[in-house]
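Here's the structure, in structure tokens; my notes come after.
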4 protein chains.
Amino acid sequence: MSVDLTLDPRIEDLKQRTRSFIDEHVIPAESEIDAHGAGLADDRLAALRTVARRAGIFAPTAPEEFGGLALDHRDQSVVLEESGRSVLGPAVLNCAAPDEGNILLLDKKTTPQQREQYLAPLARGEVRSAFSMTEPSPGAGADPEMLATTATKVDGGWRIDGRKWLITGADGAAFFITMARTSERAATMFLVDAGHPGMTISRHVTTLDSGFAGGHGELIYDHCVVPDSAVLGRVDEGFADAQVRLGPARLTHCMRWLGAARRAHEVAVAYATARPMFGGRLADQGMAQEKIADNEIDIQASRLMIWNAAAVLDRHEPARQETSTAKVFVAEAVNRIVDRSVQLCGGYGVSYDSPLPHILREVRPFRIYDGPSEVHRRAISRRAVRRSESGSLPGDYS
Amino acid sequence: MSVDLTLDPRIEDLKQRTRSFIDEHVIPAESEIDAHGAGLADDRLAALRTVARRAGIFAPTAPEEFGGLALDHRDQSVVLEESGRSVLGPAVLNCAAPDEGNILLLDKKTTPQQREQYLAPLARGEVRSAFSMTEPSPGAGADPEMLATTATKVDGGWRIDGRKWLITGADGAAFFITMARTSERAATMFLVDAGHPGMTISRHVTTLDSGFAGGHGELIYDHCVVPDSAVLGRVDEGFADAQVRLGPARLTHCMRWLGAARRAHEVAVAYATARPMFGGRLADQGMAQEKIADNEIDIQASRLMIWNAAAVLDRHEPARQETSTAKVFVAEAVNRIVDRSVQLCGGYGVSYDSPLPHILREVRPFRIYDGPSEVHRRAISRRAVRRSESGSLPGDYS
Amino acid sequence: MSVDLTLDPRIEDLKQRTRSFIDEHVIPAESEIDAHGAGLADDRLAALRTVARRAGIFAPTAPEEFGGLALDHRDQSVVLEESGRSVLGPAVLNCAAPDEGNILLLDKKTTPQQREQYLAPLARGEVRSAFSMTEPSPGAGADPEMLATTATKVDGGWRIDGRKWLITGADGAAFFITMARTSERAATMFLVDAGHPGMTISRHVTTLDSGFAGGHGELIYDHCVVPDSAVLGRVDEGFADAQVRLGPARLTHCMRWLGAARRAHEVAVAYATARPMFGGRLADQGMAQEKIADNEIDIQASRLMIWNAAAVLDRHEPARQETSTAKVFVAEAVNRIVDRSVQLCGGYGVSYDSPLPHILREVRPFRIYDGPSEVHRRAISRRAVRRSESGSLPGDYS
Amino acid sequence: MSVDLTLDPRIEDLKQRTRSFIDEHVIPAESEIDAHGAGLADDRLAALRTVARRAGIFAPTAPEEFGGLALDHRDQSVVLEESGRSVLGPAVLNCAAPDEGNILLLDKKTTPQQREQYLAPLARGEVRSAFSMTEPSPGAGADPEMLATTATKVDGGWRIDGRKWLITGADGAAFFITMARTSERAATMFLVDAGHPGMTISRHVTTLDSGFAGGHGELIYDHCVVPDSAVLGRVDEGFADAQVRLGPARLTHCMRWLGAARRAHEVAVAYATARPMFGGRLADQGMAQEKIADNEIDIQASRLMIWNAAAVLDRHEPARQETSTAKVFVAEAVNRIVDRSVQLCGGYGVSYDSPLPHILREVRPFRIYDGPSEVHRRAISRRAVRRSESGSLPGDYS
């Protein structure tokens with residue numbers, strides 16, 4: 001068998017440099033954010049990015065022509081996990097959602113002009129972006145078939161009408177990749193600049209998490225007319241074209257959040273080791289050992305689920321099953337890990353004296369964002385049933 | 001058997017009036033608090049309390065001589081659960097922690113003068129109070145044996161020295177019930193006025209939850225000398241005297257938080273009923289039905305665990321086993337219920353458009369406050385083992 | 001509130017006598033059954049029943065006119081839980097399924113002649129019976145709407161045709177209560193004697209459990225003609241009439257199996273107390289304490305869920321919600337308790353040196369029998385949704 | 001990164017041939033075993049092994065010089081998982097416990113004469129063997145430090161005295177590898193032939209599982225004198241020498257049992273696909289989809305945990321952390337998978353009409369055998385704490 005799970009020296013080195021950067025530069029900056037989750041000031045972010053660029057670890061997923069490292073999915077798994085050990089890490093390294101997924105999509109689907117206009121500044125970290133897909137009920141949420149925003153062909157372009165909701169990074173984004181229905185059963189993606197007539201950010205949607213730059217916005221498209229050149233990818237092939245982004249973006253979420261879970265675990269183990277209790281240390285109490293061990297197991301299994309899906313993506317297969325199973329497993333494991341870490345730390349764990357409340361608030365929505373666990377489970381089950389019906393074995397692999 | 005689980009007409013009426021008050025007056029006021037959890041303005045709180053007094057539902061646990069309803073533990077179960085349907089409810093009705101538990105303790109352990117000076121204004125809702133017990137590591141937390149704050153006998157009084165941490169309601173409390181070690185194996189409670197020389201609130205400890213008036217503070221006692229008349233209860237019997245408060249206060253937490261969980265469930269069921277999905281409603285999807293059903297089951301079981309412990313307390317038994325098992329079960333069930341409700345609501349559930357993020361943040365620490373689940377489990381297990389050793393049956397009841 | 005959860009002296013006495021009988025007479029007889037689950041020899045069963053009759057604890061649910069104790073549902077909860085502490089207990093006391101449920105149904109729905117012919121010997125413990133409802137796929141299982149067995153009106157009677165499957169107690173039953181479709185949307189119950197022409201037990205279905213006298217059989221009805229007098233209850237009202245049996249029978253399962261779970265817990269606590277490990281006792285290890293405490297909690301919550309449903313049944317309400325939530329909770333709690341007990345006992349727990357493998361095998365199917373948890377959850381959720389739609393509160397009680 | 005999780009053609013071919021053999025020859029033979037778990041008749045086993053040898057898939061872990069395939073740990077992962085799809089598979093292929101682990105140990109630790117006398121016939125499948133380690137309470141169980149059996153030096157050999165319990169494969173084993181204390185803090189392994197004077201199999205211990213040839217026995221060593229040549233490995237280094245066997249044997253258990261879980265899943269998916277329910281198929285119900293999806297996820301994660309540990313073993317590292325985390329995760333995942341499969345199949349799932357009751361009974365003890373989950377968790381936690389204390393990161397990998 002060709003199973004090999006070791007890191008080659010180049011990526012091992014990159015891992016260590018990323019870890020050092022996070023430990024030495026990013027974690028100390030966490031004191032600058034408050035319990036309300038306001039992020040870093042712009043100049044501080046810029047300063048940290050300069051250090052990251054010098055350290056050769058900036059933009060790990062972006063194309064090399066724009067200064068990125070262009071790591072494949074497996075190597076991303078290593079570096080993005082390290083970046084996630086601080087809630088500030090991914091933004092500093094320019095590998096945070098939604099920009100990181102948008103970079104991937106733009107790299108694959110843009111025209112040369114779009115590439116220069118949109119991808120280049122995004123990959124270099126000069127601007128932010130948003131992916132404008134989710135809609136308020138009864139529109140597209142877990143079920144994309146319910147897409148209600150429309151784009152109607154007009155002379156020389158398209159007129160977009162509808163509402164979007166929970167659009168991550170909206171506030172401050174330079175442009176929006178907007179999914180709109182262009183025929184009864186088909187959709188198209190459009191590149192819409194911030195401030196473009198007819199599109200407004202109607203409000204900020206405050207959420208449990210606060211770690212995404214630009215938060216989550218509600219958008220109104222009202223007679224928003226864009227030129228034909230705003231079409232991203234192919235007309236009426238928006239869902240298919242967006243697949244390029246879907247699986248990988250889901251997986252990079254897993255990587256970053258696994259890093260956050262590891263950080264919670266590190267804090268909890270250190271606390272349990274230092275805390276006296278019942279004549280010994282907390283770390284020697286059986287119920288604490290159980291939590292520590294389960295964290296270790298969940299971290300290891302999560303990492304393997306990610307690597308497995310990354311390896312399939314690197315073979316240029318769609319990896320729908322592997323990214324779905326990884327998403328469900330990791331999203332839930334990460335929440336278990338953080339919950340156990342909070343519990344281990346007791347009062348310290350629910351106080352902002354520790355980083356745990358921040359992490360807890362960031363990871364809870366992960367079981368919902370990028371497809372709720374339930375929707376992924378439905379898809380995973382349907383695939384298993386189809387395999388069974390066609391005479392192959394559910395639970396098998398290739 | 002004498003099992004009866006129906007409400008008599010008087011308490012049924014009180015339940016309905018409390019519910020109406022919460023629905024009509026308190027829930028609408030929730031829009032006045034923000035995502036950072038800042039509570040109601042003082043005048044708004046006062047106004048709502050006036051309405052509550054008129055409705056005859058104010059201070060359900062306080063003695064009648066101070067305008068309270070003096071409900072027994074079982075009747076409290078009904079009313080406090082209703083009060084908890086809004087995160088603002090308990091404070092409005094003056095049955096929030098820690099005041100509600102302190103009222104009970106003061107009612108049982110004060111001298112006549114202390115009763116007039118401390119209990120009267122607290123029961124009437126004129127002041128707030130705090131219970132100053134928990135200490136920073138390596139002091140008293142889950143294990144009260146580790147109490148590090150000392151009270152040394154001085155002429156005419158006691159000198160208190162030490163640090164307290166995570167003291168709920170500290171900011172704005174009129175007085176503090178302070179536990180301090182007065183001999184190697186014994187402790188004593190003292191009534192310390194806010195602003196008393198030698199005691200300072202050194203800082204506010206920001207936590208995941210934000211629903212307690214006055215938040216959680218850190219206190220320093222530095223040569224804080226109080227007169228002999230400040231002793232609450234008996235010298236060297238602080239732990240025993242505090243038992244009066246311990247079980248019941250644990251149980252009223254359960255009641256209030258069960259109300260919060262019910263509210264989350266109500267929001268989620270309404271959402272699932274209205275939300276179209278996969279050609280039907282979300283509420284018709286099997287995985288949603290499972291969550292709704294499990295919420296119903298957890299709510300019912302939680303209520304029964306509370307009522308069972310309340311019935312034992314009403315027989316004037318210490319009910320340590322019953323309040324411990326109720327605390328563990330309800331704290332965990334409530335978190336499960338809120339978690340499922342969030343998941344049912346998807347993006348809406350993690351946004352402050354719904355009350356769910358607030359509720360989620362309030363209930364998570366409940367698995368830690370008033371004894372972490374692990375410490376209760378340890379005590380429950382030790383009791384079962386002692387029963388087995390003495391020839392009686394673990395799992396039995398009387 | 002009228003909450004009262006104490007036992008009156010009469011039932012406390014009955015509880016203690018039942019416990020003593022189980023401890024002194026029934027548990028010792030367990031050595032007579034083997035790992036394959038073959039039950040007691042007939043003469044041994046008869047001998048134990050004689051002792052039970054003398055002890056005044058025989059047939060706790062049967063009418064007094066036939067020598068039973070005619071306990072109400074709440075009092076049954078106490079006694080049947082005690083009976084379940086041995087897998088042999090319910091059969092010895094004549095309160096085992098399906099006879100116990102059939103006694104209840106016959107007591108409510110028989111004609112005087114049927115009463116004498118069928119109920120009398122059953123209640124006295126002279127014969128066994130079966131409830132012939134479940135069918136092989138694609139017939140009636142979790143979904144009774146799929147009932148495929150038909151009863152066609154013929155001159156002077158009915159001709160029954162169809163197959164039944166997993167009919168508990170079939171082998172050796174004196175008669176079968178048979179559910180058959182008598183019109184497109186309606187069904188009728190029939191009393192069919194063992195050996196009646198046209199009905200055969202085609203085979204024994206071996207199952208994981210082995211504690212039901214007569215096991216589980218497969219039946220064939222092939223031109224099985226019964227007279228009009230064989231109709232039990234009303235024609236075309238079989239489903240409605242069977243409701244009399246449905247909720248209570250579901251609940252007595254809970255009672256008996258809770259007793260089995262308690263027994264497992266008792267064995268495990270005794271083992272953990274005696275077993276040295278890591279320099280102490282197993283019972284002092286944190287992970288063991290967690291299991292012991294969770295067993296205590298699950299036992300207490302299960303008992304309360306049962307008592308709650310029993311109290312509603314004793315008010316002559318259908319208690320569909322309460323018996324469904326109790327069934328789901330108790331079936332799953334009982335399995336958790338037994339699983340933890342096995343784990344606590346290690347190798348001893350999976351060996352037939354302990355009673356645990358027997359208990360584990362008996363309780364696993366309980367999550368399926370009498371309605372799988374999933375079907376109950378679906379019904380519970382639908383009720384909650386209807387309450388929400390009608391403006392009342394899900395999670396509420398009356 | 002060097003992550004690669006594809007099978008090379010040679011092992012892919014071996015996988016397919018093993019699967020075909022199991023499907024075509026072994027699964028049909030399952031009808032020959034009964035609910036009491038009696039295994040195949042000797043001649044039938046011999047016949048199937050002949051087919052397996054011809055198919056080139058016999059003894060996948062044994063040295064080539066004895067006709068084995070000498071697969072490395074990663075390749076074993078593939079083949080042993082396939083073998084486990086039938087409870088009969090591992091025995092037929094001569095890769096069942098305890099022989100498979102004993103082959104590994106003997107291959108590493110025997111003298112040339114021992115190799116010929118003990119390893120050769122075992123690897124060829126001519127005899128069976130046992131590993132005689134576990135003792136009745138208060139001896140060595142989860143805590144090997146409690147080893148009570150002693151071996152005392154006598155002239156020309158050793159005298160073994162003690163009791164062993166739950167010794168898998170005892171009945172019919174040709175020889176026993178016996179661990180005995182040879183000094184206060186050290187132990188030694190001895191090869192003891194069946195029938196050797198002083199050693200008797202005192203009884204058969206009936207257990208929940210019934211799939212191990214020879215069951216589980218209780219042994220008495222009473223003045224059992226063996227020659228010096230019976231020492232296996234080094235005197236006083238028995239624990240260290242046995243490590244060779246410990247991790248790998250734990251892992252092959254995972255492989256085989258993962259195969260059993262997959263089989264359960266296959267049966268359940270097929271059933272859910274065929275079973276009509278509520279106007280659709282069971283497989284279309286949300287709660288069924290959830291179970292099917294969770295099975296898929298658990299199977300995938302289990303396989304990755306196994307492969308990960310196997311890869312470390314193939315680098316000739318002890319892999320204690322990796323085999324421990326794999327053991328805990330897989331043992332529990334496998335039980336979840338089988339439990340969900342049973343639940344999906346309803347009555348069919350608890351009847352021996354399906355293979356599920358057999359599988360359920362086989363896998364439950366796996367959470368206890370080869371180290372209970374709790375003991376592994378304790379060790380995993382202690383390693384994490386030591387990493388934290390030494391300044392490296394818990395949750396990290398290399």
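Ligands are numbered from 1 in the order shown, residues from 1 within each chain, and chains are lettered A, B, ... in the order they appear in the structure tokens.
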
With only C-alpha atoms as the counted atoms, please give the residues lying no more than 9 Å from region 382-391 of chain D, apart from itself and same-chain residues fewer than 2 positions off, as a list in words.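 The residues that qualify are Glu266, Val269, Ala270, Ala272, Thr273, Ala283, Asp284, Gln289, Ile292, Ala293 and Glu296 of chain A; Gln321, Arg377, Arg378, Ala379, Ile380, Leu393, Pro394 and Gly395 of chain D.
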
Can you spit out the residues from that selection as an mmCIF file, in the first residue's frame, using C-alpha atoms?
data_model
loop_
_atom_site.group_PDB
_atom_site.id
_atom_site.type_symbol
_atom_site.label_atom_id
_atom_site.label_comp_id
_atom_site.auth_asym_id
_atom_site.auth_seq_id
_atom_site.Cartn_x
_atom_site.Cartn_y
_atom_site.Cartn_z
ATOM 1 C CA GLU A 266 -3.311 23.234 24.594
ATOM 2 C CA VAL A 269 -3.988 20.675 29.200
ATOM 3 C CA ALA A 270 -1.719 23.397 30.549
ATOM 4 C CA ALA A 272 -5.192 20.957 34.126
ATOM 5 C CA THR A 273 -1.503 20.345 34.681
ATOM 6 C CA ALA A 283 -4.814 16.491 35.119
ATOM 7 C CA ASP A 284 -4.637 13.359 37.269
ATOM 8 C CA GLN A 289 -8.015 12.419 31.678
ATOM 9 C CA ILE A 292 -7.869 15.153 27.430
ATOM 10 C CA ALA A 293 -7.709 11.755 25.760
ATOM 11 C CA GLU A 296 -6.317 13.872 21.413
ATOM 12 C CA GLN D 321 -0.025 6.631 21.021
ATOM 13 C CA ARG D 377 -7.577 6.949 27.640
ATOM 14 C CA ARG D 378 -5.604 7.216 30.855
ATOM 15 C CA ALA D 379 -2.388 6.444 28.994
ATOM 16 C CA ILE D 380 -3.227 8.822 26.140
ATOM 17 C CA LEU D 393 2.270 20.767 22.161
ATOM 18 C CA PRO D 394 -0.454 18.273 23.009
ATOM 19 C CA GLY D 395 -2.474 17.473 19.920
#

Set the cut-off to 9 Å and count only C-alpha atoms: what are the residues of chain A that reach chain C? Output as a ChimeraX atom specification. /A:285-290

Looking at C:Ile359, C:Ala333, C:Met179, C:Ala310, which one is nearest to Asn295 (chain C), with distances taken over only C-alpha atoms? C:Ala333

Close residues, Arg320 (chain C) itself excluded, 12 Å, only C-alpha atoms, min 4 positions apart in chain, as a PyMOL selection string: chain C and resi 243-251+308-310+312-313+316+324-327+376-377+379-380+383

Would you list the contacts of Pro355 (chain D) as a list in words, taking every protein, DNA or RNA residue within 10 Å and counting only C-alpha atoms, but skipping same-chain residues closer than 3 positions in sequence?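 After dropping sequence-adjacent residues, the list is Ile27, Glu30, Ser31, Ala35, Ser86, Val87, Ala260, Arg263, Ala264, Val267, Val342, Tyr348, Gly349, Val350, Ser351, Tyr352, His358, Ile359 and Leu360 of chain D.
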
For C-alpha atoms, I'd like the residues from the last selection saved as a CSV table (one decimal), in the first residue's frame.
chain,number,residue,atom,x,y,z
D,27,ILE,CA,-20.6,-15.8,4.1
D,30,GLU,CA,-22.4,-18.7,8.1
D,31,SER,CA,-25.6,-20.6,7.9
D,35,ALA,CA,-27.4,-18.6,17.5
D,86,SER,CA,-17.6,-12.5,8.0
D,87,VAL,CA,-17.3,-13.5,11.6
D,260,ALA,CA,-17.5,-6.7,10.8
D,263,ARG,CA,-20.8,-5.9,7.0
D,264,ALA,CA,-23.5,-4.7,9.4
D,267,VAL,CA,-26.9,-5.3,5.6
D,342,VAL,CA,-29.4,-3.0,14.2
D,348,TYR,CA,-35.0,-8.0,11.6
D,349,GLY,CA,-31.9,-6.5,13.2
D,350,VAL,CA,-32.4,-8.3,16.5
D,351,SER,CA,-33.3,-11.6,14.9
D,352,TYR,CA,-30.8,-14.2,13.7
D,358,HIS,CA,-23.9,-12.2,16.0
D,359,ILE,CA,-21.9,-9.2,15.0
D,360,LEU,CA,-23.3,-7.2,17.9

Identify, on the basis of only C-alpha atoms, every residue whose closest approach to Lys15 (chain A) does not exceed 8 Å; exclude the query and any residue fewer than 4 positions from it along the same chain; express the result as a PyMOL selection string. chain A and resi 11+19+78-79+82

Using backbone DSSP assignments, extract all strand (DSSP E) residues from region 165-265 of chain D; output them as a count of residues only. 41

Taking 6 positions as the minimum chain separation for residues in the same chain, which residues sit within 12 Å of Phe212 (chain C) when counting only C-alpha atoms? Answer as a count of residues only. 32

Take CA of Ile103 (chain B) and CA of Asp72 (chain B) and report the distance between them in Å, one decimal.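 Taking CA of Ile103 (chain B) as the start and CA of Asp72 (chain B) as the end point, the length is 13.7 Å.
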